[in-house]
Each structure stands twice: as structure tokens, then as C-alpha cells.
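The file data_39.cif contains mmCIF, C-alpha atoms and all ligand atoms:
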data_my_file
loop_
_atom_site.label_atom_id
_atom_site.label_comp_id
_atom_site.auth_asym_id
_atom_site.auth_seq_id
_atom_site.Cartn_x
_atom_site.Cartn_y
_atom_site.Cartn_z
CA MET A 1 -31.05 39.21 -42.40
CA LEU A 2 -28.81 39.19 -39.35
CA SER A 3 -30.63 39.09 -36.06
CA LEU A 4 -28.70 41.40 -33.75
CA PRO A 5 -29.66 42.92 -30.40
CA ASP A 6 -30.98 46.51 -30.39
CA PHE A 7 -28.27 49.10 -29.92
CA PRO A 8 -28.50 49.49 -26.13
CA TRP A 9 -27.68 53.19 -26.03
CA ASP A 10 -31.04 53.97 -27.65
CA SER A 11 -32.75 53.00 -24.37
CA LEU A 12 -30.90 55.85 -22.62
CA LEU A 13 -32.73 58.46 -24.69
CA PRO A 14 -35.38 59.39 -22.07
CA TYR A 15 -32.64 59.90 -19.47
CA ARG A 16 -30.63 61.99 -21.92
CA GLU A 17 -33.73 64.14 -22.46
CA ARG A 18 -34.27 64.49 -18.71
CA ALA A 19 -30.59 65.36 -18.08
CA SER A 20 -30.68 67.90 -20.91
CA THR A 21 -33.28 69.93 -19.03
CA HIS A 22 -30.75 70.74 -16.28
CA PRO A 23 -30.35 74.56 -16.17
CA ASP A 24 -26.58 74.25 -16.66
CA GLY A 25 -26.89 71.63 -19.38
CA LEU A 26 -26.19 67.96 -19.90
CA ILE A 27 -22.92 66.36 -18.80
CA ASP A 28 -22.50 63.15 -20.76
CA LEU A 29 -20.49 60.55 -18.85
CA SER A 30 -22.23 57.64 -20.56
CA VAL A 31 -19.73 56.87 -23.31
CA GLY A 32 -15.97 56.39 -23.35
CA SER A 33 -15.26 58.67 -26.30
CA PRO A 34 -12.07 60.71 -25.76
CA VAL A 35 -12.37 64.51 -25.76
CA ASP A 36 -8.75 65.68 -25.51
CA ASP A 37 -6.72 66.66 -28.55
CA THR A 38 -5.05 64.11 -30.80
CA PRO A 39 -1.31 64.49 -30.12
CA ALA A 40 0.70 66.73 -32.43
CA VAL A 41 2.96 63.83 -33.41
CA SER A 42 -0.05 61.95 -34.83
CA GLN A 43 -1.53 64.96 -36.62
CA GLN A 44 1.78 65.82 -38.26
CA ALA A 45 2.44 62.24 -39.34
CA LEU A 46 -1.09 62.01 -40.76
CA ALA A 47 -0.58 65.18 -42.77
CA SER A 48 2.76 64.07 -44.13
CA ALA A 49 1.32 60.69 -45.19
CA SER A 50 -1.70 62.24 -46.90
CA ASN A 51 -0.50 61.75 -50.49
CA ALA A 52 -1.56 58.12 -50.81
CA PRO A 53 -2.43 57.10 -54.39
CA SER A 54 -1.59 53.39 -53.99
CA TYR A 55 -3.33 50.66 -52.05
CA PRO A 56 -1.81 50.21 -48.61
CA LEU A 57 -0.47 46.90 -47.34
CA THR A 58 -2.96 44.95 -45.23
CA ALA A 59 -0.10 43.72 -43.05
CA GLY A 60 1.06 47.31 -42.58
CA SER A 61 3.96 49.29 -44.02
CA PRO A 62 7.46 48.21 -42.94
CA GLU A 63 7.61 51.31 -40.67
CA LEU A 64 4.30 50.43 -39.06
CA ILE A 65 5.24 46.77 -38.57
CA LEU A 66 8.46 47.83 -36.85
CA ALA A 67 6.66 50.40 -34.67
CA MET A 68 4.01 47.85 -33.65
CA ALA A 69 6.57 45.17 -32.79
CA GLN A 70 8.66 47.61 -30.81
CA TRP A 71 5.61 48.93 -28.95
CA TRP A 72 4.46 45.47 -27.87
CA GLU A 73 7.95 44.63 -26.69
CA ARG A 74 8.52 47.97 -24.90
CA ARG A 75 5.08 48.52 -23.38
CA ARG A 76 3.65 45.00 -23.07
CA ASN A 77 6.77 42.98 -22.29
CA THR A 78 6.20 40.47 -25.06
CA GLY A 79 9.85 39.99 -25.92
CA PRO A 80 10.88 40.57 -29.55
CA LEU A 81 8.12 40.09 -32.14
CA ASP A 82 8.68 39.71 -35.87
CA SER A 83 6.52 40.87 -38.76
CA THR A 84 4.41 37.70 -38.67
CA GLN A 85 3.32 38.38 -35.09
CA VAL A 86 1.72 41.82 -35.46
CA LEU A 87 -1.20 43.14 -37.50
CA PRO A 88 -2.87 46.56 -37.76
CA THR A 89 -6.66 46.82 -37.36
CA MET A 90 -9.09 49.67 -37.99
CA GLY A 91 -9.66 50.35 -34.33
CA SER A 92 -9.98 47.26 -32.19
CA LYS A 93 -13.79 47.08 -32.38
CA GLU A 94 -13.88 45.70 -35.92
CA MET A 95 -11.53 42.89 -34.91
CA VAL A 96 -13.59 42.16 -31.79
CA GLY A 97 -16.77 42.05 -33.84
CA LEU A 98 -15.32 40.15 -36.81
CA LEU A 99 -13.00 37.67 -35.10
CA PRO A 100 -15.53 34.80 -35.05
CA THR A 101 -16.21 35.47 -38.75
CA LEU A 102 -12.52 35.64 -39.66
CA LEU A 103 -11.85 32.44 -37.73
CA GLY A 104 -14.59 30.71 -39.71
CA LEU A 105 -16.78 29.96 -36.69
CA GLY A 106 -20.42 29.08 -37.19
CA VAL A 107 -23.58 27.77 -35.59
CA SER A 108 -21.93 24.72 -34.07
CA ASP A 109 -19.33 26.83 -32.22
CA THR A 110 -19.35 28.31 -28.74
CA VAL A 111 -17.77 31.63 -27.80
CA VAL A 112 -16.97 32.36 -24.15
CA ILE A 113 -17.17 35.96 -22.95
CA PRO A 114 -16.74 37.62 -19.51
CA THR A 115 -19.85 37.74 -17.29
CA VAL A 116 -19.77 41.55 -17.33
CA ALA A 117 -18.61 42.45 -20.80
CA TYR A 118 -18.24 44.92 -23.64
CA PRO A 119 -21.26 43.98 -25.80
CA THR A 120 -19.33 43.46 -29.07
CA TYR A 121 -17.97 40.04 -27.99
CA ALA A 122 -21.50 38.63 -28.03
CA VAL A 123 -22.42 40.57 -31.17
CA GLY A 124 -19.47 39.00 -33.03
CA ALA A 125 -20.69 35.56 -31.99
CA ALA A 126 -24.26 36.42 -33.04
CA VAL A 127 -23.05 37.44 -36.50
CA VAL A 128 -21.95 33.84 -37.16
CA GLY A 129 -24.78 32.22 -35.19
CA ALA A 130 -22.42 30.81 -32.53
CA SER A 131 -23.60 30.14 -28.97
CA VAL A 132 -22.36 32.40 -26.19
CA VAL A 133 -21.39 31.33 -22.68
CA ALA A 134 -20.63 34.06 -20.14
CA GLU A 135 -18.09 32.64 -17.70
CA ASP A 136 -15.04 34.10 -15.95
CA ASP A 137 -13.63 30.97 -14.32
CA PRO A 138 -11.33 29.14 -16.76
CA ASP A 139 -12.09 25.83 -15.04
CA ARG A 140 -15.71 26.26 -16.09
CA TRP A 141 -15.10 27.19 -19.71
CA PRO A 142 -16.96 24.55 -21.72
CA SER A 143 -14.88 22.03 -23.63
CA SER A 144 -17.00 22.87 -26.69
CA ALA A 145 -15.63 26.45 -26.83
CA SER A 146 -13.76 27.49 -29.98
CA LEU A 147 -13.00 31.05 -28.91
CA VAL A 148 -12.62 32.60 -25.47
CA TRP A 149 -12.57 36.36 -24.88
CA ILE A 150 -10.93 37.91 -21.88
CA ASN A 151 -10.71 41.66 -21.30
CA SER A 152 -8.17 43.30 -19.05
CA PRO A 153 -8.39 46.03 -17.91
CA SER A 154 -12.09 45.40 -18.14
CA ASN A 155 -14.69 47.64 -19.66
CA PRO A 156 -16.84 48.32 -17.67
CA THR A 157 -15.49 47.16 -14.31
CA GLY A 158 -11.88 48.35 -14.54
CA ALA A 159 -10.68 45.04 -13.05
CA VAL A 160 -7.22 43.83 -14.03
CA LEU A 161 -6.55 40.12 -14.60
CA PRO A 162 -3.36 39.13 -12.78
CA GLU A 163 -0.61 37.05 -14.35
CA ASP A 164 -1.56 33.86 -12.54
CA TYR A 165 -5.10 34.12 -13.99
CA LEU A 166 -3.65 34.60 -17.49
CA VAL A 167 -1.45 31.53 -17.06
CA ARG A 168 -4.50 29.50 -15.97
CA ALA A 169 -6.53 30.88 -18.86
CA ILE A 170 -3.90 29.82 -21.39
CA ALA A 171 -3.68 26.32 -19.92
CA ARG A 172 -7.44 25.86 -19.99
CA ALA A 173 -7.87 27.31 -23.50
CA ARG A 174 -5.22 24.89 -24.78
CA GLU A 175 -6.83 21.99 -22.95
CA ILE A 176 -10.15 22.63 -24.71
CA GLY A 177 -8.56 23.63 -28.04
CA ALA A 178 -9.92 27.20 -28.08
CA VAL A 179 -8.34 30.37 -29.40
CA LEU A 180 -7.77 32.73 -26.45
CA ALA A 181 -8.27 36.39 -27.38
CA SER A 182 -7.39 39.13 -24.93
CA ASP A 183 -8.85 42.60 -25.43
CA GLU A 184 -6.35 45.00 -23.87
CA CYS A 185 -7.76 48.25 -25.17
CA TYR A 186 -7.17 50.04 -21.82
CA ALA A 187 -3.67 48.61 -21.31
CA GLU A 188 -2.03 51.97 -20.63
CA MET A 189 -4.75 53.10 -18.21
CA ALA A 190 -3.79 51.19 -15.08
CA TRP A 191 -3.86 53.35 -11.95
CA GLU A 192 -2.66 51.21 -9.11
CA GLU A 193 0.15 49.40 -10.91
CA ALA A 194 2.54 50.62 -13.59
CA SER A 195 0.68 48.52 -16.14
CA SER A 196 -1.75 45.64 -16.46
CA PRO A 197 -0.11 42.43 -17.69
CA SER A 198 -0.63 41.43 -21.29
CA LEU A 199 -1.66 37.94 -22.27
CA LEU A 200 1.50 38.03 -24.38
CA ASP A 201 3.78 39.07 -21.51
CA ARG A 202 6.70 36.67 -21.72
CA GLY A 203 6.34 35.92 -18.02
CA VAL A 204 2.84 34.64 -18.88
CA THR A 205 3.48 32.82 -22.16
CA ASN A 206 6.98 31.50 -21.50
CA GLY A 207 7.57 32.19 -25.17
CA ASP A 208 4.72 29.97 -26.45
CA VAL A 209 2.07 32.15 -28.11
CA SER A 210 0.24 29.41 -29.98
CA ASP A 211 -3.50 30.10 -30.26
CA LEU A 212 -3.12 33.41 -28.43
CA LEU A 213 -4.21 36.80 -29.72
CA ALA A 214 -4.01 40.18 -27.97
CA LEU A 215 -5.68 43.35 -29.18
CA CYS A 216 -4.87 46.91 -28.27
CA SER A 217 -6.06 50.31 -29.40
CA LEU A 218 -4.74 53.82 -29.79
CA SER A 219 -8.23 55.27 -29.27
CA LYS A 220 -7.92 55.82 -25.54
CA GLN A 221 -4.21 56.04 -24.83
CA SER A 222 -3.48 58.45 -27.70
CA ASN A 223 -6.87 60.13 -28.33
CA LEU A 224 -6.97 58.53 -31.77
CA ALA A 225 -10.53 57.16 -31.70
CA GLY A 226 -11.36 59.19 -34.80
CA TYR A 227 -8.48 57.67 -36.77
CA ARG A 228 -9.66 54.08 -36.11
CA ALA A 229 -6.30 52.67 -35.06
CA GLY A 230 -5.87 49.28 -33.44
CA LEU A 231 -3.22 46.60 -33.08
CA ALA A 232 -3.27 42.83 -32.92
CA ALA A 233 -0.40 40.57 -31.93
CA GLY A 234 0.13 36.92 -31.12
CA ASP A 235 0.37 33.52 -32.74
CA PRO A 236 1.91 33.83 -36.24
CA VAL A 237 -0.16 30.92 -37.59
CA LEU A 238 -3.38 32.52 -36.38
CA LEU A 239 -2.33 35.96 -37.59
CA SER A 240 -1.42 34.69 -41.04
CA SER A 241 -4.89 33.24 -41.48
CA LEU A 242 -6.46 36.47 -40.21
CA LEU A 243 -4.22 38.44 -42.59
CA LEU A 244 -5.29 36.31 -45.55
CA ALA A 245 -8.97 36.84 -44.72
CA ARG A 246 -8.43 40.56 -44.21
CA LYS A 247 -6.62 40.85 -47.59
CA HIS A 248 -9.52 39.15 -49.35
CA LEU A 249 -12.07 41.33 -47.58
CA GLY A 250 -10.24 44.64 -47.96
CA LEU A 251 -9.93 45.20 -44.23
CA ILE A 252 -6.94 47.51 -44.60
CA MET A 253 -5.81 50.33 -42.36
CA PRO A 254 -5.60 53.40 -44.67
CA ALA A 255 -2.06 54.49 -45.58
CA PRO A 256 -2.20 57.95 -43.91
CA ILE A 257 -3.43 56.29 -40.70
CA GLN A 258 -0.62 53.75 -40.93
CA GLY A 259 1.83 56.67 -41.03
CA ALA A 260 0.17 58.34 -38.06
CA VAL A 261 0.04 55.13 -36.02
CA ALA A 262 3.72 54.35 -36.64
CA ALA A 263 4.73 57.80 -35.38
CA THR A 264 2.30 57.72 -32.45
CA LEU A 265 3.45 54.32 -31.20
CA ALA A 266 7.05 55.48 -31.18
CA GLU A 267 6.28 58.23 -28.67
CA ASP A 268 5.35 57.53 -25.06
CA GLN A 269 5.34 61.09 -23.69
CA HIS A 270 1.82 62.01 -24.86
CA VAL A 271 0.42 58.81 -23.31
CA GLN A 272 1.87 59.82 -19.95
CA GLU A 273 0.34 63.29 -20.33
CA GLN A 274 -3.05 61.79 -21.12
CA ARG A 275 -2.79 59.49 -18.12
CA GLY A 276 -2.24 62.61 -15.99
CA ARG A 277 -5.47 64.14 -17.31
CA TYR A 278 -7.48 61.03 -16.53
CA ARG A 279 -5.89 60.66 -13.11
CA ALA A 280 -6.99 64.22 -12.24
CA ARG A 281 -10.54 63.46 -13.42
CA ARG A 282 -10.64 60.30 -11.35
CA GLU A 283 -9.67 62.35 -8.35
CA LEU A 284 -12.64 64.65 -8.99
CA ILE A 285 -15.29 62.08 -9.86
CA PHE A 286 -14.51 59.14 -7.56
CA PRO A 287 -14.78 61.03 -4.22
CA ALA A 288 -17.87 62.87 -5.48
CA LEU A 289 -19.58 59.55 -6.31
CA ARG A 290 -18.68 58.26 -2.84
CA ALA A 291 -20.08 61.44 -1.28
CA ALA A 292 -23.31 60.72 -3.18
CA GLY A 293 -23.52 57.29 -1.55
CA PHE A 294 -21.98 55.16 -4.26
CA ARG A 295 -19.46 52.43 -3.61
CA ILE A 296 -16.81 52.10 -6.31
CA ASP A 297 -15.94 48.52 -7.19
CA HIS A 298 -12.78 47.45 -9.05
CA SER A 299 -11.95 50.47 -11.26
CA GLU A 300 -8.26 50.04 -10.59
CA ALA A 301 -7.70 50.58 -14.32
CA GLY A 302 -9.55 51.87 -17.36
CA LEU A 303 -11.53 55.02 -17.94
CA TYR A 304 -14.62 54.43 -15.86
CA ALA A 305 -15.96 54.36 -12.32
CA TRP A 306 -17.92 51.13 -11.77
CA ALA A 307 -20.24 52.40 -9.09
CA SER A 308 -23.12 50.99 -7.09
CA ARG A 309 -25.61 51.93 -4.39
CA ASP A 310 -26.89 48.35 -4.40
CA GLU A 311 -30.04 49.56 -6.12
CA GLU A 312 -31.31 48.67 -9.58
CA CYS A 313 -29.02 50.37 -12.10
CA TRP A 314 -31.83 52.29 -13.81
CA SER A 315 -32.66 53.98 -10.46
CA SER A 316 -29.08 55.21 -10.28
CA VAL A 317 -29.20 56.29 -13.94
CA SER A 318 -32.41 58.18 -13.21
CA TRP A 319 -30.96 59.82 -10.06
CA CYS A 320 -27.93 61.02 -12.04
CA SER A 321 -30.11 62.28 -14.90
CA GLU A 322 -32.02 64.49 -12.44
CA ARG A 323 -28.68 66.16 -11.78
CA GLY A 324 -28.08 66.60 -15.50
CA ILE A 325 -25.55 63.75 -15.67
CA LEU A 326 -25.93 60.89 -18.12
CA VAL A 327 -24.28 57.59 -17.13
CA ALA A 328 -24.53 54.05 -18.50
CA PRO A 329 -26.55 51.35 -16.69
CA GLY A 330 -24.47 48.29 -15.74
CA SER A 331 -27.11 46.05 -17.32
CA PHE A 332 -25.77 47.08 -20.75
CA TYR A 333 -22.83 44.79 -19.93
CA GLY A 334 -24.74 41.74 -18.73
CA GLN A 335 -27.10 40.64 -15.96
CA ALA A 336 -24.27 40.70 -13.43
CA GLY A 337 -24.02 44.46 -13.94
CA GLN A 338 -27.60 45.26 -13.02
CA HIS A 339 -26.75 46.97 -9.73
CA HIS A 340 -23.97 49.16 -11.10
CA ILE A 341 -23.56 52.22 -13.25
CA ARG A 342 -20.58 52.98 -15.45
CA VAL A 343 -19.40 56.57 -15.19
CA ALA A 344 -16.93 57.63 -17.89
CA LEU A 345 -13.99 59.93 -17.23
CA THR A 346 -13.87 60.94 -20.89
CA ALA A 347 -15.20 64.48 -20.41
CA THR A 348 -13.35 67.78 -20.21
CA ASP A 349 -11.87 68.94 -16.90
CA ALA A 350 -14.60 71.60 -16.68
CA ALA A 351 -17.34 69.01 -17.25
CA CYS A 352 -15.83 66.66 -14.65
CA GLU A 353 -15.59 69.50 -12.11
CA ALA A 354 -19.22 70.43 -12.76
CA ALA A 355 -20.31 66.79 -12.51
CA ALA A 356 -18.47 66.41 -9.21
CA SER A 357 -20.15 69.46 -7.74
CA ARG A 358 -23.60 68.31 -8.93
CA LEU A 359 -23.01 64.88 -7.35
CA ARG A 360 -22.01 66.48 -4.06
CA ALA A 361 -24.88 69.00 -4.00
C1 LIG B 1 -13.28 46.75 -24.10
C2 LIG B 1 -13.24 47.48 -25.39
N1 LIG B 1 -12.75 46.86 -26.46
C3 LIG B 1 -12.70 47.46 -27.66
C4 LIG B 1 -13.14 48.75 -27.81
C5 LIG B 1 -13.09 49.35 -29.18
O1 LIG B 1 -12.21 50.42 -29.23
P1 LIG B 1 -11.63 50.96 -30.60
O2 LIG B 1 -12.40 50.35 -31.72
O3 LIG B 1 -11.78 52.42 -30.54
O4 LIG B 1 -10.19 50.54 -30.63
C6 LIG B 1 -13.67 49.44 -26.73
C7 LIG B 1 -14.18 50.81 -26.89
O5 LIG B 1 -14.69 51.45 -26.03
C8 LIG B 1 -13.72 48.79 -25.48
O6 LIG B 1 -14.20 49.39 -24.40
#
Structure re-expressed in C-alpha cells:
Amino acid sequence: MLSLPDFPWDSLLPYRERASTHPDGLIDLSVGSPVDDTPAVSQQALASASNAPSYPLTAGSPELILAMAQWWERRRNTGPLDSTQVLPTMGSKEMVGLLPTLLGLGVSDTVVIPTVAYPTYAVGAAVVGASVVAEDDPDRWPSSASLVWINSPSNPTGAVLPEDYLVRAIARAREIGAVLASDECYAEMAWEEASSPSLLDRGVTNGDVSDLLALCSLSKQSNLAGYRAGLAAGDPVLLSSLLLARKHLGLIMPAPIQGAVAATLAEDQHVQEQRGRYRARRELIFPALRAAGFRIDHSEAGLYAWASRDEECWSSVSWCSERGILVAPGSFYGQAGQHHIRVALTATDAACEAAASRLRA
């Protein structure tokens, strides 16, 4: 049997119970699950692709391949990509969790992850029995590493990795012979700059994408979490071996979802509208957290406030729960997060307004 860590959210249960006793009810800001409607363009495309008797293509339909390639070029500045450089995934989480497996890593391999990180990077390594090293500085990535994860914008901190870091990361990964995988699930949610640079940005790669992989997701930018819609792009050699493994394993994005994703990627307007909603929620929640004595670190991108009162994170979680607000303790994301909480902006406007007024009270 696999030996995996307990699902950390279970340990929040007592705080959820406490927050639920608030006279005006629980406000759940502990998870980043979108609450706004799926755009009409996606719903219509899903409906019109619903007659799907045949098996879909693992590589994606020609329409989807074209839409993915055009999206990476238009939104992530990759330069032109061909069909061998893009791949659909069923949300990005499965690819994050399965990448070590699909790459054939095992007990003698080492996977590097960020020091404050989305837990699935380590889970994916645990599935194959690989060792995990948490290290942000490329110069300190061990020469034994086979796979390095970076995440920008970061969940939970909201930090963006600048281009010069990405260039250094590529150089170091190539020096040690590791695959460099960049999780860019919050790519469209950068607040202080127009965007956050992709690992595959041509200014970063200079056209050489060997051993590079970037992942993105439609869950956040297009409210498509329920469809399970993700995208991978990068090195054609790497992608062809991932595609082969995915064909054998039946890891195929369903045909109606492929239709919906193709249509959704071709439209940028709804993403801008969604950004506007999150920007308004940031403007409610961030000042209210500061008024309650929290400092907000990083958070220049993404869908969270990474907040601290320099106390143990569970004290902050408990303080919030007394106000009927559930937040995530930073320790869920590694030891380095133990003095922070992660406050999600993925709640309705009304819930964010209520949370802000409870924090200020
Ligand atoms: C950093 C990061 N990567 C990947 C995912 C997975 O997203 P999805 O599977 O919905 O694409 C999430 C979800 O919250 C995330 O925060």
C-alpha cells in the first residue's frame, strides 16, 4: 500500500466547527475553489460537444491543439508552438501528482520542491518513493535531482519568479540533468504586473525548451475547476514520452471538455472580467486583514492573501475561526509557512464583504 501523508484539510475540522457556530454563519476562505459562474462560452461549447460516442484523442483534437498552441503564444509569450509541444491534462493537479510516475522516477531519484509549496509536489514524489528536497535557490539544488518543481505565481505565497530567476533555474537544471517543471496555474492572476513570466517565455528560453515543462490550468482563470481542464507545454521529446504513457494509461481529457477548453482558450474577455472580480475582493480583504493586525507578504499574484501576525499559524487560524472565518494554516505548505495563514479570495462578493467587516470588528 502507498504510504501517503494524511489529507491536511482534515485537521481543520475543529476550526470549521467553531467557525460554523458564528451567528451569521461560516465564511470559508480556506480553499481556492472558484465560486463564480463558468463562462457562457465554455458552457455552450460543452453542450455542443456532448454527443461523444468515440474515444477522444489523448493528444487533443486538432481544434484543441491549435487553441492550446495559440493560447501559450498569445498569453505566455512562448513564440509559436506546434502540436508536439502542447498536451491537454485533466486539470493540472493530476499532472503535478503523476509527473514523477510518468517520468519513470523511483526510489533512487530526488525531486526538488519549493520551501513553501502546494502539497501535491511532495505527494507525487512519495507515490514513486523518491526523496524530496525543499530548496528555492537553484545554486543549492542537489546534483542528484531528477525533477525540479517551481511554482509561479506561488500557491500559497503569491510570489512571482522574475525572468532572471527562471534563466538561472534553467541553467542549473541543465547542469544537473534534471527536468524543470513550472506550475503556472495562477498565470493570469498577477496584480502588480500585466502577467507573470512563463518558464517558456521566449525571453527566458531563447528558443531552447529542452527538458522544460510548464503547466497551466483553466480552473482559476476561467472558473472551470469542475471541468478538470489543464494544459502542459514544453519540450517535444519530454511531451512525446508523457503522451505515450498517458495513452497507455487512459489519461485522456474527455471529448466534451476538449470542445469546451478549445472555445474557452480562444476567448480572453471572460478572464479579464474574472480578474476584475478578484481584484475587488482583494481590495476588501487585504485592508481588513491589515486592520486586524496582519502583515501581508508577497501576494502580488494569485488568489490568496499570505498573511502573518508573527504568531504560530494555528493561533491565527483559531482567531479567525472565532469570527466565523475559516482560513488555511501556512504549515500546510511546509515548515517555512508556520507563521502565516493563507486567506482565499475565492468566495462571493457578499461573503468577502462580510469577512472584511468581521475582521475589522
Ligand atoms: C499551485 C497549484 N497547482 C495546481 C493546482 C491544481 O489545479 P487544477 O487541478 O484545478 O488545475 C492548484 C490548485 O489549487 C494549485 O494551487
*Extract, using all atoms listed in the file, all DNA, RNA and protein residues at most 9 Å from Gln221 in chain A, discarding same-chain residues fewer than 6 positions from it, and format them as a PyMOL selection string.*
chain A and resi 185-189+270-272+274-275
_Given 7 Å and all atoms listed in the file, residues near ligand LIG 1 (chain B) as an MDAnalysis selection string_ = chainID A and resid 32 91:94 96 118 151 154:155 183 185 216:219 225 228:230
_Just checking: using all atoms listed in the file, which residue out of A:Ala178, A:Val111, A:Cys313, A:Leu284 ends up closest to Val133 in chain A?_
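Distance minimum relative to Val133 in chain A lands on A:Val111.
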*Coordinates-based distance that separates CA of Asp235 in chain A from CA of Gly60 in chain A (Å, one decimal)*: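 Value for the CA of Gly60 in chain A-CA of Asp235 in chain A distance: 17.0 Å.
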*For Ala260 in chain A, which residue out of A:Ser182, A:Ser321, A:Ser152, A:Gln44 is the nearest one, using all atoms listed in the file?*
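Residue with the minimum atom-to-atom distance to Ala260 in chain A: A:Gln44.
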*In Å, how far is it from CA of Thr264 in chain A to CA of Trp72 in chain A?*
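Distance reported for this atom pair: 13.3 Å.
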*Between A:Ile176, A:Ser83, A:Leu238, A:Ser308, which has the minimum distance to Glu63 in chain A (counting all atoms listed in the file)?*
A:Ser83
*Pick from A:Pro56, A:Pro153, A:Gly104, A:Gly97: nearest to Tyr121 in chain A, with all atoms listed in the file counted?*
A:Gly97
*Hey, can you check how far CA of His340 in chain A sits from CA of Asn223 in chain A?*
26.6 Å
*From the set A:Leu180, A:Ala45, A:Met95, A:Leu13, which residue has the shortest atom-to-atom contact distance to Gly259 in chain A, counting all atoms listed in the file?*
A:Ala45
*Smallest atom-to-atom distance to Leu57 in chain A: which of A:Ile252, A:Val179, A:Leu200, A:Leu215, using only C-alpha atoms?*
A:Ile252
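Once range 277-283 of chain A and its same-chain neighbours fewer than 2 positions away are set aside, Glu273, Gln274, Arg275, Ile285, Phe286, Pro287, Leu345, Asp349 and Cys352 of chain A remain within 7 Å of it when counting only C-alpha atoms.
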Would you save the residues from that selection as a short mmCIF file (atom, residue, chain, number, x, y, z; two decimals), keeping the file's coordinate frame, using C-alpha atoms?
data_model
loop_
_atom_site.label_atom_id
_atom_site.label_comp_id
_atom_site.auth_asym_id
_atom_site.auth_seq_id
_atom_site.Cartn_x
_atom_site.Cartn_y
_atom_site.Cartn_z
CA GLU A 273 0.34 63.29 -20.33
CA GLN A 274 -3.05 61.79 -21.12
CA ARG A 275 -2.79 59.49 -18.12
CA ILE A 285 -15.29 62.08 -9.86
CA PHE A 286 -14.51 59.14 -7.56
CA PRO A 287 -14.78 61.03 -4.22
CA LEU A 345 -13.99 59.93 -17.23
CA ASP A 349 -11.87 68.94 -16.90
CA CYS A 352 -15.83 66.66 -14.65
#
*asked:* Which residues are close to range 203-206 of chain A, i.e. within 7 Å by all atoms listed in the file, leaving aside same-chain residues fewer than 5 positions away? Reply as number ranges by chain.
replied: A: 163, 166-167
_Polymer residues at most 8 Å from Ala355 in chain A, all atoms listed in the file, same-chain spacing of 3 or more positions, as a ChimeraX atom specification_ = /A:27,285,325,351-352,358-359
*Residues within 8 Å of (-9.7, 34.9, -23.3), file coords, all atoms listed in the file, listed as a PyMOL selection string*: chain A and resi 112-113+147-151+169-170+173+179-182
_Which residues are close to Trp71 in chain A, i.e. within 12 Å by all atoms listed in the file, leaving aside same-chain residues fewer than 6 positions away? Reply as number ranges by chain._
A: 64-65, 77-82, 86, 188, 216-218, 231-233, 261-268
Can I get the selection written as an mmCIF file, in the coordinates of the input, with C-alpha atoms?
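The resulting result.cif:
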data_model
loop_
_atom_site.group_PDB
_atom_site.id
_atom_site.type_symbol
_atom_site.label_atom_id
_atom_site.label_comp_id
_atom_site.auth_asym_id
_atom_site.auth_seq_id
_atom_site.Cartn_x
_atom_site.Cartn_y
_atom_site.Cartn_z
ATOM 1 C CA LEU A 64 4.300 50.430 -39.060
ATOM 2 C CA ILE A 65 5.240 46.770 -38.570
ATOM 3 C CA ASN A 77 6.770 42.980 -22.290
ATOM 4 C CA THR A 78 6.200 40.470 -25.060
ATOM 5 C CA GLY A 79 9.850 39.990 -25.920
ATOM 6 C CA PRO A 80 10.880 40.570 -29.550
ATOM 7 C CA LEU A 81 8.120 40.090 -32.140
ATOM 8 C CA ASP A 82 8.680 39.710 -35.870
ATOM 9 C CA VAL A 86 1.720 41.820 -35.460
ATOM 10 C CA GLU A 188 -2.030 51.970 -20.630
ATOM 11 C CA CYS A 216 -4.870 46.910 -28.270
ATOM 12 C CA SER A 217 -6.060 50.310 -29.400
ATOM 13 C CA LEU A 218 -4.740 53.820 -29.790
ATOM 14 C CA LEU A 231 -3.220 46.600 -33.080
ATOM 15 C CA ALA A 232 -3.270 42.830 -32.920
ATOM 16 C CA ALA A 233 -0.400 40.570 -31.930
ATOM 17 C CA VAL A 261 0.040 55.130 -36.020
ATOM 18 C CA ALA A 262 3.720 54.350 -36.640
ATOM 19 C CA ALA A 263 4.730 57.800 -35.380
ATOM 20 C CA THR A 264 2.300 57.720 -32.450
ATOM 21 C CA LEU A 265 3.450 54.320 -31.200
ATOM 22 C CA ALA A 266 7.050 55.480 -31.180
ATOM 23 C CA GLU A 267 6.280 58.230 -28.670
ATOM 24 C CA ASP A 268 5.350 57.530 -25.060
#
